[in-house]
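Participant: Structure file data.pdb, PDB, N, CA and C atoms and all ligand atoms, is pasted below:
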```pdb
ATOM      1  N   MET A   1      -4.190 -16.673   1.172
ATOM      2  CA  MET A   1      -5.061 -15.505   1.130
ATOM      3  C   MET A   1      -6.480 -15.960   0.812
ATOM      4  N   SER A   2      -7.438 -15.270   1.358
ATOM      5  CA  SER A   2      -8.812 -15.640   1.076
ATOM      6  C   SER A   2      -9.626 -14.381   0.795
ATOM      7  N   THR A   3     -10.784 -14.618   0.250
ATOM      8  CA  THR A   3     -11.666 -13.489   0.002
ATOM      9  C   THR A   3     -12.490 -13.234   1.242
ATOM     10  N   HIS A   4     -12.629 -11.995   1.584
ATOM     11  CA  HIS A   4     -13.344 -11.635   2.796
ATOM     12  C   HIS A   4     -14.837 -11.619   2.515
ATOM     13  N   ALA A   5     -15.542 -12.496   3.216
ATOM     14  CA  ALA A   5     -16.949 -12.693   2.900
ATOM     15  C   ALA A   5     -17.775 -11.418   3.055
ATOM     16  N   ALA A   6     -17.498 -10.670   4.117
ATOM     17  CA  ALA A   6     -18.350  -9.526   4.414
ATOM     18  C   ALA A   6     -18.148  -8.379   3.431
ATOM     19  N   THR A   7     -16.915  -8.199   2.966
ATOM     20  CA  THR A   7     -16.622  -7.009   2.165
ATOM     21  C   THR A   7     -16.334  -7.313   0.707
ATOM     22  N   GLY A   8     -16.058  -8.588   0.383
ATOM     23  CA  GLY A   8     -15.615  -8.894  -0.968
ATOM     24  C   GLY A   8     -14.160  -8.520  -1.195
ATOM     25  N   GLY A   9     -13.491  -8.011  -0.156
ATOM     26  CA  GLY A   9     -12.073  -7.654  -0.278
ATOM     27  C   GLY A   9     -11.186  -8.864  -0.065
ATOM     28  N   HIS A  10      -9.902  -8.657  -0.161
ATOM     29  CA  HIS A  10      -8.925  -9.734   0.019
ATOM     30  C   HIS A  10      -8.320  -9.635   1.410
ATOM     31  N   LEU A  11      -8.364 -10.750   2.118
ATOM     32  CA  LEU A  11      -7.903 -10.795   3.503
ATOM     33  C   LEU A  11      -6.415 -11.139   3.525
ATOM     34  N   LEU A  12      -5.602 -10.278   4.124
ATOM     35  CA  LEU A  12      -4.148 -10.497   4.133
ATOM     36  C   LEU A  12      -3.622 -10.965   5.478
ATOM     37  N   GLY A  13      -4.475 -11.116   6.474
ATOM     38  CA  GLY A  13      -4.012 -11.584   7.774
ATOM     39  C   GLY A  13      -3.737 -10.432   8.728
ATOM     40  N   PRO A  14      -3.188 -10.768   9.911
ATOM     41  CA  PRO A  14      -3.081  -9.793  11.002
ATOM     42  C   PRO A  14      -2.275  -8.547  10.635
ATOM     43  N   VAL A  15      -2.754  -7.419  11.107
ATOM     44  CA  VAL A  15      -2.100  -6.149  10.822
ATOM     45  C   VAL A  15      -0.707  -6.077  11.453
ATOM     46  N   ASP A  16      -0.452  -6.924  12.454
ATOM     47  CA  ASP A  16       0.851  -6.916  13.128
ATOM     48  C   ASP A  16       1.999  -7.265  12.192
ATOM     49  N   GLN A  17       1.686  -7.820  11.029
ATOM     50  CA  GLN A  17       2.739  -8.103  10.041
ATOM     51  C   GLN A  17       3.402  -6.834   9.542
ATOM     52  N   VAL A  18       2.694  -5.707   9.671
ATOM     53  CA  VAL A  18       3.218  -4.442   9.170
ATOM     54  C   VAL A  18       3.526  -3.549  10.371
ATOM     55  N   PRO A  19       4.809  -3.324  10.674
ATOM     56  CA  PRO A  19       5.128  -2.463  11.817
ATOM     57  C   PRO A  19       4.604  -1.044  11.600
ATOM     58  N   VAL A  20       4.236  -0.399  12.696
ATOM     59  CA  VAL A  20       3.751   0.983  12.602
ATOM     60  C   VAL A  20       4.848   1.858  11.989
ATOM     61  N   GLY A  21       4.442   2.664  11.012
ATOM     62  CA  GLY A  21       5.391   3.568  10.366
ATOM     63  C   GLY A  21       6.154   2.933   9.218
ATOM     64  N   GLU A  22       5.758   1.695   8.838
ATOM     65  CA  GLU A  22       6.456   1.010   7.752
ATOM     66  C   GLU A  22       5.464   0.432   6.752
ATOM     67  N   GLY A  23       6.029  -0.160   5.696
ATOM     68  CA  GLY A  23       5.228  -0.824   4.681
ATOM     69  C   GLY A  23       5.699  -2.250   4.484
ATOM     70  N   ARG A  24       4.811  -3.079   3.950
ATOM     71  CA  ARG A  24       5.163  -4.456   3.589
ATOM     72  C   ARG A  24       4.481  -4.781   2.265
ATOM     73  N   ALA A  25       5.139  -5.608   1.464
ATOM     74  CA  ALA A  25       4.578  -5.969   0.160
ATOM     75  C   ALA A  25       3.812  -7.284   0.260
ATOM     76  N   PHE A  26       2.677  -7.343  -0.406
ATOM     77  CA  PHE A  26       1.842  -8.542  -0.484
ATOM     78  C   PHE A  26       1.468  -8.760  -1.948
ATOM     79  N   VAL A  27       1.164 -10.005  -2.284
ATOM     80  CA  VAL A  27       0.600 -10.260  -3.603
ATOM     81  C   VAL A  27      -0.906 -10.425  -3.421
ATOM     82  N   VAL A  28      -1.664  -9.599  -4.115
ATOM     83  CA  VAL A  28      -3.122  -9.608  -3.997
ATOM     84  C   VAL A  28      -3.697  -9.820  -5.385
ATOM     85  N   ASP A  29      -4.272 -10.996  -5.600
ATOM     86  CA  ASP A  29      -4.904 -11.272  -6.887
ATOM     87  C   ASP A  29      -3.940 -11.021  -8.055
ATOM     88  N   GLY A  30      -2.668 -11.375  -7.859
ATOM     89  CA  GLY A  30      -1.676 -11.226  -8.918
ATOM     90  C   GLY A  30      -0.994  -9.863  -8.950
ATOM     91  N   ASP A  31      -1.483  -8.901  -8.184
ATOM     92  CA  ASP A  31      -0.843  -7.582  -8.110
ATOM     93  C   ASP A  31       0.091  -7.539  -6.905
ATOM     94  N   GLN A  32       1.219  -6.859  -7.058
ATOM     95  CA  GLN A  32       2.078  -6.609  -5.901
ATOM     96  C   GLN A  32       1.613  -5.309  -5.256
ATOM     97  N   VAL A  33       1.202  -5.433  -3.994
ATOM     98  CA  VAL A  33       0.581  -4.309  -3.285
ATOM     99  C   VAL A  33       1.403  -3.991  -2.036
ATOM    100  N   ALA A  34       1.764  -2.726  -1.882
ATOM    101  CA  ALA A  34       2.468  -2.263  -0.684
ATOM    102  C   ALA A  34       1.438  -1.732   0.303
ATOM    103  N   VAL A  35       1.400  -2.331   1.498
ATOM    104  CA  VAL A  35       0.478  -1.882   2.547
ATOM    105  C   VAL A  35       1.282  -1.123   3.595
ATOM    106  N   PHE A  36       0.862   0.091   3.899
ATOM    107  CA  PHE A  36       1.534   0.943   4.874
ATOM    108  C   PHE A  36       0.645   1.123   6.095
ATOM    109  N   ARG A  37       1.292   1.090   7.261
ATOM    110  CA  ARG A  37       0.564   1.310   8.524
ATOM    111  C   ARG A  37       1.055   2.633   9.104
ATOM    112  N   LEU A  38       0.211   3.609   9.079
ATOM    113  CA  LEU A  38       0.613   4.942   9.512
ATOM    114  C   LEU A  38       0.614   5.041  11.036
ATOM    115  N   ARG A  39       1.236   6.085  11.527
ATOM    116  CA  ARG A  39       1.379   6.226  12.990
ATOM    117  C   ARG A  39       0.038   6.434  13.683
ATOM    118  N   ASP A  40      -0.957   6.907  12.936
ATOM    119  CA  ASP A  40      -2.287   7.047  13.542
ATOM    120  C   ASP A  40      -3.058   5.723  13.498
ATOM    121  N   GLY A  41      -2.412   4.664  13.002
ATOM    122  CA  GLY A  41      -3.060   3.350  12.974
ATOM    123  C   GLY A  41      -3.793   3.060  11.679
ATOM    124  N   SER A  42      -3.956   4.067  10.822
ATOM    125  CA  SER A  42      -4.692   3.824   9.584
ATOM    126  C   SER A  42      -3.783   3.162   8.547
ATOM    127  N   LEU A  43      -4.402   2.566   7.559
ATOM    128  CA  LEU A  43      -3.676   1.840   6.523
ATOM    129  C   LEU A  43      -3.820   2.549   5.182
ATOM    130  N   ARG A  44      -2.801   2.393   4.338
ATOM    131  CA  ARG A  44      -2.861   2.837   2.948
ATOM    132  C   ARG A  44      -2.277   1.718   2.097
ATOM    133  N   ALA A  45      -2.724   1.623   0.849
ATOM    134  CA  ALA A  45      -2.184   0.596  -0.042
ATOM    135  C   ALA A  45      -1.995   1.167  -1.437
ATOM    136  N   LEU A  46      -0.806   0.904  -1.975
ATOM    137  CA  LEU A  46      -0.414   1.380  -3.312
ATOM    138  C   LEU A  46       0.245   0.220  -4.043
ATOM    139  N   SER A  47       0.402   0.378  -5.341
ATOM    140  CA  SER A  47       1.215  -0.585  -6.069
ATOM    141  C   SER A  47       2.590  -0.671  -5.411
ATOM    142  N   ALA A  48       3.108  -1.909  -5.273
ATOM    143  CA  ALA A  48       4.413  -2.100  -4.644
ATOM    144  C   ALA A  48       5.558  -1.900  -5.625
ATOM    145  N   VAL A  49       5.231  -1.658  -6.899
ATOM    146  CA  VAL A  49       6.255  -1.541  -7.940
ATOM    147  C   VAL A  49       6.303  -0.094  -8.421
ATOM    148  N   CYS A  50       7.430   0.563  -8.188
ATOM    149  CA  CYS A  50       7.543   1.975  -8.536
ATOM    150  C   CYS A  50       7.329   2.187 -10.029
ATOM    151  N   SER A  51       6.585   3.248 -10.355
ATOM    152  CA  SER A  51       6.306   3.552 -11.759
ATOM    153  C   SER A  51       7.544   4.088 -12.468
ATOM    154  N   HIS A  52       8.567   4.461 -11.723
ATOM    155  CA  HIS A  52       9.770   5.015 -12.355
ATOM    156  C   HIS A  52      10.611   3.890 -12.951
ATOM    157  N   ARG A  53      11.220   3.058 -12.117
ATOM    158  CA  ARG A  53      11.987   1.924 -12.650
ATOM    159  C   ARG A  53      11.795   0.670 -11.827
ATOM    160  N   GLY A  54      10.600   0.523 -11.281
ATOM    161  CA  GLY A  54      10.257  -0.740 -10.628
ATOM    162  C   GLY A  54      10.796  -0.910  -9.224
ATOM    163  N   GLY A  55      11.183   0.174  -8.571
ATOM    164  CA  GLY A  55      11.721   0.098  -7.216
ATOM    165  C   GLY A  55      10.696  -0.435  -6.219
ATOM    166  N   PRO A  56      11.201  -0.931  -5.055
ATOM    167  CA  PRO A  56      10.334  -1.535  -4.036
ATOM    168  C   PRO A  56       9.660  -0.492  -3.155
ATOM    169  N   ILE A  57       8.450  -0.114  -3.540
ATOM    170  CA  ILE A  57       7.741   0.958  -2.834
ATOM    171  C   ILE A  57       7.507   0.618  -1.360
ATOM    172  N   ALA A  58       7.285  -0.661  -1.043
ATOM    173  CA  ALA A  58       7.031  -1.028   0.361
ATOM    174  C   ALA A  58       8.233  -0.740   1.254
ATOM    175  N   ASP A  59       9.432  -0.625   0.657
ATOM    176  CA  ASP A  59      10.634  -0.323   1.437
ATOM    177  C   ASP A  59      10.910   1.172   1.506
ATOM    178  N   GLY A  60       9.992   1.973   0.963
ATOM    179  CA  GLY A  60      10.211   3.415   0.929
ATOM    180  C   GLY A  60      10.064   4.056   2.297
ATOM    181  N   THR A  61      10.468   5.313   2.349
ATOM    182  CA  THR A  61      10.365   6.092   3.578
ATOM    183  C   THR A  61       9.017   6.798   3.598
ATOM    184  N   LEU A  62       8.343   6.727   4.749
ATOM    185  CA  LEU A  62       7.030   7.357   4.876
ATOM    186  C   LEU A  62       7.164   8.722   5.517
ATOM    187  N   ASP A  63       6.442   9.695   4.973
ATOM    188  CA  ASP A  63       6.157  10.845   5.821
ATOM    189  C   ASP A  63       4.641  10.859   5.982
ATOM    190  N   ARG A  64       4.081  11.933   6.433
ATOM    191  CA  ARG A  64       2.657  11.852   6.774
ATOM    192  C   ARG A  64       1.783  11.573   5.554
ATOM    193  N   GLN A  65       2.125  12.158   4.424
ATOM    194  CA  GLN A  65       1.247  12.024   3.258
ATOM    195  C   GLN A  65       1.860  11.305   2.079
ATOM    196  N   GLU A  66       3.155  11.033   2.131
ATOM    197  CA  GLU A  66       3.820  10.480   0.957
ATOM    198  C   GLU A  66       4.736   9.323   1.337
ATOM    199  N   VAL A  67       5.029   8.503   0.319
ATOM    200  CA  VAL A  67       6.089   7.509   0.450
ATOM    201  C   VAL A  67       7.150   7.875  -0.580
ATOM    202  N   ILE A  68       8.408   7.745  -0.162
ATOM    203  CA  ILE A  68       9.533   8.091  -1.025
ATOM    204  C   ILE A  68      10.204   6.792  -1.469
ATOM    205  N   CYS A  69      10.260   6.549  -2.762
ATOM    206  CA  CYS A  69      10.877   5.327  -3.275
ATOM    207  C   CYS A  69      12.360   5.296  -2.894
ATOM    208  N   PRO A  70      12.848   4.142  -2.413
ATOM    209  CA  PRO A  70      14.243   4.083  -1.961
ATOM    210  C   PRO A  70      15.262   4.161  -3.103
ATOM    211  N   LEU A  71      14.842   3.931  -4.341
ATOM    212  CA  LEU A  71      15.854   3.888  -5.410
ATOM    213  C   LEU A  71      16.269   5.267  -5.909
ATOM    214  N   HIS A  72      15.291   6.090  -6.290
ATOM    215  CA  HIS A  72      15.664   7.404  -6.839
ATOM    216  C   HIS A  72      14.852   8.525  -6.197
ATOM    217  N   GLN A  73      14.214   8.225  -5.095
ATOM    218  CA  GLN A  73      13.556   9.236  -4.255
ATOM    219  C   GLN A  73      12.386   9.950  -4.921
ATOM    220  N   HIS A  74      11.700   9.315  -5.845
ATOM    221  CA  HIS A  74      10.429   9.895  -6.271
ATOM    222  C   HIS A  74       9.424   9.736  -5.124
ATOM    223  N   ALA A  75       8.539  10.729  -5.003
ATOM    224  CA  ALA A  75       7.573  10.751  -3.902
ATOM    225  C   ALA A  75       6.164  10.547  -4.451
ATOM    226  N   PHE A  76       5.362   9.770  -3.726
ATOM    227  CA  PHE A  76       4.006   9.423  -4.161
ATOM    228  C   PHE A  76       3.030   9.654  -3.015
ATOM    229  N   SER A  77       1.887  10.245  -3.343
ATOM    230  CA  SER A  77       0.850  10.445  -2.337
ATOM    231  C   SER A  77       0.320   9.100  -1.865
ATOM    232  N   LEU A  78       0.194   8.923  -0.553
ATOM    233  CA  LEU A  78      -0.360   7.682  -0.004
ATOM    234  C   LEU A  78      -1.851   7.572  -0.282
ATOM    235  N   ASP A  79      -2.494   8.688  -0.539
ATOM    236  CA  ASP A  79      -3.943   8.666  -0.786
ATOM    237  C   ASP A  79      -4.279   8.512  -2.262
ATOM    238  N   SER A  80      -3.592   9.254  -3.123
ATOM    239  CA  SER A  80      -3.965   9.243  -4.545
ATOM    240  C   SER A  80      -3.020   8.433  -5.409
ATOM    241  N   GLY A  81      -1.811   8.147  -4.923
ATOM    242  CA  GLY A  81      -0.800   7.482  -5.745
ATOM    243  C   GLY A  81      -0.084   8.428  -6.688
ATOM    244  N   CYS A  82      -0.493   9.711  -6.721
ATOM    245  CA  CYS A  82       0.133  10.662  -7.638
ATOM    246  C   CYS A  82       1.506  11.067  -7.117
ATOM    247  N   SER A  83       2.415  11.307  -8.038
ATOM    248  CA  SER A  83       3.778  11.680  -7.674
ATOM    249  C   SER A  83       3.910  13.194  -7.639
ATOM    250  N   SER A  84       4.571  13.692  -6.595
ATOM    251  CA  SER A  84       4.841  15.129  -6.510
ATOM    252  C   SER A  84       6.195  15.454  -7.119
ATOM    253  N   THR A  85       6.872  14.436  -7.664
ATOM    254  CA  THR A  85       8.219  14.661  -8.208
ATOM    255  C   THR A  85       8.298  14.298  -9.687
ATOM    256  N   GLY A  86       7.138  14.094 -10.325
ATOM    257  CA  GLY A  86       7.131  13.933 -11.767
ATOM    258  C   GLY A  86       7.116  12.511 -12.289
ATOM    259  N   ALA A  87       7.083  11.510 -11.406
ATOM    260  CA  ALA A  87       6.962  10.120 -11.876
ATOM    261  C   ALA A  87       5.496   9.829 -12.201
ATOM    262  N   GLY A  88       5.249   8.734 -12.892
ATOM    263  CA  GLY A  88       3.872   8.349 -13.179
ATOM    264  C   GLY A  88       3.156   7.937 -11.900
ATOM    265  N   PRO A  89       1.815   7.970 -11.900
ATOM    266  CA  PRO A  89       1.072   7.614 -10.686
ATOM    267  C   PRO A  89       1.158   6.119 -10.382
ATOM    268  N   LEU A  90       0.990   5.792  -9.104
ATOM    269  CA  LEU A  90       0.884   4.395  -8.675
ATOM    270  C   LEU A  90      -0.587   4.054  -8.488
ATOM    271  N   ARG A  91      -0.949   2.818  -8.797
ATOM    272  CA  ARG A  91      -2.309   2.361  -8.529
ATOM    273  C   ARG A  91      -2.562   2.372  -7.022
ATOM    274  N   THR A  92      -3.761   2.739  -6.635
ATOM    275  CA  THR A  92      -4.110   2.713  -5.213
ATOM    276  C   THR A  92      -5.182   1.644  -4.960
ATOM    277  N   TYR A  93      -5.236   1.194  -3.734
ATOM    278  CA  TYR A  93      -6.211   0.183  -3.295
ATOM    279  C   TYR A  93      -6.835   0.690  -2.006
ATOM    280  N   HIS A  94      -7.998   0.147  -1.692
ATOM    281  CA  HIS A  94      -8.618   0.510  -0.422
ATOM    282  C   HIS A  94      -8.184  -0.496   0.639
ATOM    283  N   ALA A  95      -7.536   0.003   1.698
ATOM    284  CA  ALA A  95      -7.052  -0.876   2.765
ATOM    285  C   ALA A  95      -7.803  -0.569   4.055
ATOM    286  N   SER A  96      -8.270  -1.612   4.724
ATOM    287  CA  SER A  96      -8.982  -1.412   5.986
ATOM    288  C   SER A  96      -8.716  -2.607   6.900
ATOM    289  N   LEU A  97      -9.270  -2.527   8.102
ATOM    290  CA  LEU A  97      -9.147  -3.608   9.076
ATOM    291  C   LEU A  97     -10.517  -4.205   9.326
ATOM    292  N   ASP A  98     -10.574  -5.533   9.444
ATOM    293  CA  ASP A  98     -11.848  -6.130   9.845
ATOM    294  C   ASP A  98     -11.928  -6.165  11.380
ATOM    295  N   ASP A  99     -12.999  -6.730  11.901
ATOM    296  CA  ASP A  99     -13.224  -6.707  13.353
ATOM    297  C   ASP A  99     -12.174  -7.493  14.130
ATOM    298  N   SER A 100     -11.479  -8.401  13.456
ATOM    299  CA  SER A 100     -10.460  -9.217  14.124
ATOM    300  C   SER A 100      -9.054  -8.668  13.952
ATOM    301  N   GLY A 101      -8.920  -7.469  13.375
ATOM    302  CA  GLY A 101      -7.597  -6.879  13.197
ATOM    303  C   GLY A 101      -6.842  -7.432  12.012
ATOM    304  N   ASN A 102      -7.562  -7.939  11.013
ATOM    305  CA  ASN A 102      -6.926  -8.407   9.789
ATOM    306  C   ASN A 102      -7.010  -7.323   8.712
ATOM    307  N   ILE A 103      -5.951  -7.274   7.892
ATOM    308  CA  ILE A 103      -5.934  -6.313   6.782
ATOM    309  C   ILE A 103      -6.854  -6.805   5.676
ATOM    310  N   VAL A 104      -7.688  -5.902   5.175
ATOM    311  CA  VAL A 104      -8.558  -6.218   4.045
ATOM    312  C   VAL A 104      -8.238  -5.226   2.924
ATOM    313  N   ILE A 105      -7.943  -5.770   1.746
ATOM    314  CA  ILE A 105      -7.644  -4.931   0.573
ATOM    315  C   ILE A 105      -8.780  -5.063  -0.424
ATOM    316  N   ALA A 106      -9.268  -3.935  -0.895
ATOM    317  CA  ALA A 106     -10.308  -3.957  -1.929
ATOM    318  C   ALA A 106      -9.789  -3.202  -3.149
ATOM    319  N   PHE A 107     -10.098  -3.726  -4.300
ATOM    320  CA  PHE A 107      -9.693  -3.063  -5.541
ATOM    321  C   PHE A 107     -10.655  -1.916  -5.827
ATOM    322  N   PRO A 108     -10.152  -0.818  -6.342
ATOM    323  CA  PRO A 108     -11.058   0.269  -6.691
ATOM    324  C   PRO A 108     -11.977  -0.188  -7.823
ATOM    325  N   PRO A 109     -13.182   0.352  -7.865
ATOM    326  CA  PRO A 109     -14.085  -0.044  -8.939
ATOM    327  C   PRO A 109     -13.508   0.346 -10.297
ATOM    328  N   GLY A 110     -13.774  -0.447 -11.290
ATOM    329  CA  GLY A 110     -13.372  -0.106 -12.647
ATOM    330  C   GLY A 110     -12.048  -0.547 -13.013
TER     331      GLY A 110
HETATM  332  S1  LIG B   1      12.503   3.204  -9.182
HETATM  333 FE1  LIG B   1      11.387   4.391  -7.763
HETATM  334  S2  LIG B   1      12.228   6.364  -7.944
HETATM  335 FE2  LIG B   1      13.273   5.201  -9.471
END
```
Before we go any further, please render this structure as structure tokens.
Facilitator:
Amino acid sequence: MSTHAATGGHLLGPVDQVPVGEGRAFVVDGDQVAVFRLRDGSLRALSAVCSHRGGPIADGTLDRQEVICPLHQHAFSLDSGCSSTGAGPLRTYHASLDDSGNIVIAFPPG
């Protein structure tokens, strides 16, 4: 992994690693980050470790706005990381594509 010169974000490589409609887990600067590729082509990134009991968020089921953890089915907003089912929030990251189709992850300020 390298730091992306133009954005200061972390470069994770080609977006093709993440099938459309699915998520994949990456380690970014020591954090486990789940990157999701939505059907409209946009990306979202959340903590890959469920706030409930550490389930694998990248393996969760996606709907348009939420990911459902595969272990106990808590649901989390792909945009805010907030749970609609009462679990604690997941950390969110800014995920984008560079001009070459590589995933770039940026940490939120603060
Ligand atoms: S570990 Fe994710 S819902 Fe329980």
Participant: Could you write out as a list in words the residues that the PyMOL selection byres (((chain A and resi 97-104) around 7) and not hetatm) matches in the shown file?
Facilitator: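 Checking the PyMOL selection byres (((chain A and resi 97-104) around 7) and not hetatm) against this file, the residues are Gly9, His10, Leu11, Leu12, Gly13, Pro14, Val15, Asp16, His94, Ala95, Ser96, Ile105 and Ala106 of chain A.
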Participant: With only C-alpha atoms as the counted atoms, please give the residues lying no more than 12 Å from Thr85 of chain A, apart from itself and same-chain residues fewer than 5 positions off, as an mmCIF file with N, CA and C atoms, in the frame of the given file.
Facilitator:
```cif
data_model
loop_
_atom_site.group_PDB
_atom_site.id
_atom_site.type_symbol
_atom_site.label_atom_id
_atom_site.label_comp_id
_atom_site.auth_asym_id
_atom_site.auth_seq_id
_atom_site.Cartn_x
_atom_site.Cartn_y
_atom_site.Cartn_z
ATOM 1 N N SER A 51 6.585 3.248 -10.355
ATOM 2 C CA SER A 51 6.306 3.552 -11.759
ATOM 3 C C SER A 51 7.544 4.088 -12.468
ATOM 4 N N HIS A 52 8.567 4.461 -11.723
ATOM 5 C CA HIS A 52 9.770 5.015 -12.355
ATOM 6 C C HIS A 52 10.611 3.890 -12.951
ATOM 7 N N GLU A 66 3.155 11.033 2.131
ATOM 8 C CA GLU A 66 3.820 10.480 0.957
ATOM 9 C C GLU A 66 4.736 9.323 1.337
ATOM 10 N N VAL A 67 5.029 8.503 0.319
ATOM 11 C CA VAL A 67 6.089 7.509 0.450
ATOM 12 C C VAL A 67 7.150 7.875 -0.580
ATOM 13 N N ILE A 68 8.408 7.745 -0.162
ATOM 14 C CA ILE A 68 9.533 8.091 -1.025
ATOM 15 C C ILE A 68 10.204 6.792 -1.469
ATOM 16 N N CYS A 69 10.260 6.549 -2.762
ATOM 17 C CA CYS A 69 10.877 5.327 -3.275
ATOM 18 C C CYS A 69 12.360 5.296 -2.894
ATOM 19 N N HIS A 72 15.291 6.090 -6.290
ATOM 20 C CA HIS A 72 15.664 7.404 -6.839
ATOM 21 C C HIS A 72 14.852 8.525 -6.197
ATOM 22 N N GLN A 73 14.214 8.225 -5.095
ATOM 23 C CA GLN A 73 13.556 9.236 -4.255
ATOM 24 C C GLN A 73 12.386 9.950 -4.921
ATOM 25 N N HIS A 74 11.700 9.315 -5.845
ATOM 26 C CA HIS A 74 10.429 9.895 -6.271
ATOM 27 C C HIS A 74 9.424 9.736 -5.124
ATOM 28 N N ALA A 75 8.539 10.729 -5.003
ATOM 29 C CA ALA A 75 7.573 10.751 -3.902
ATOM 30 C C ALA A 75 6.164 10.547 -4.451
ATOM 31 N N PHE A 76 5.362 9.770 -3.726
ATOM 32 C CA PHE A 76 4.006 9.423 -4.161
ATOM 33 C C PHE A 76 3.030 9.654 -3.015
ATOM 34 N N SER A 77 1.887 10.245 -3.343
ATOM 35 C CA SER A 77 0.850 10.445 -2.337
ATOM 36 C C SER A 77 0.320 9.100 -1.865
#
```
Participant: The PyMOL selection byres (((chain A and resi 18-24) around 7) and not hetatm) - which residues does that actually catch in the file I just gave you? List them as a ChimeraX atom specification.
Facilitator: /A:14-17,25-26,33-39,57-60,62
Participant: Ranking A:Ser83, A:Leu90, A:Ala48, A:Arg64 by minimum distance to Gly30 of chain A and counting only C-alpha atoms, which one comes first?
Facilitator: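 Of the candidates, the smallest distance to Gly30 of chain A is held by A:Ala48.
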Participant: Enumerate, as a ChimeraX atom specification, the complete set of residues in chain A that a backbone-based DSSP assignment places in strand (DSSP E or B).
Facilitator: /A:2-3,10-14,23-28,31-37,43-47,49,56,61-62,66-68,75-77,83,92-97,102-106
Participant: Between atom CA of Ser84 of chain A and atom CA of Val28 of chain A, what is the distance in Å, rounded to a tenth?
Facilitator: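 If I compute the distance from atom CA of Ser84 of chain A to atom CA of Val28 of chain A, I get 26.1 Å.
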Participant: What would the selection look like, as a list in words, if the PyMOL selection byres (((chain A and resi 80 and name CA) around 10) and not hetatm and name CA) were run on the coordinates I just shared?
Facilitator: Arg44, Ala45, Leu46, Gln65, Glu66, Phe76, Ser77, Leu78, Asp79, Gly81, Cys82, Ser83, Pro89, Leu90, Arg91, Thr92 and Tyr93 of chain A
Participant: Going by DSSP on the backbone, which bits of chain A are helix (DSSP H, G or I)? Write them as JSON, numbers by chain, please.
Facilitator: {"A": [15, 16, 17, 57, 58, 59]}
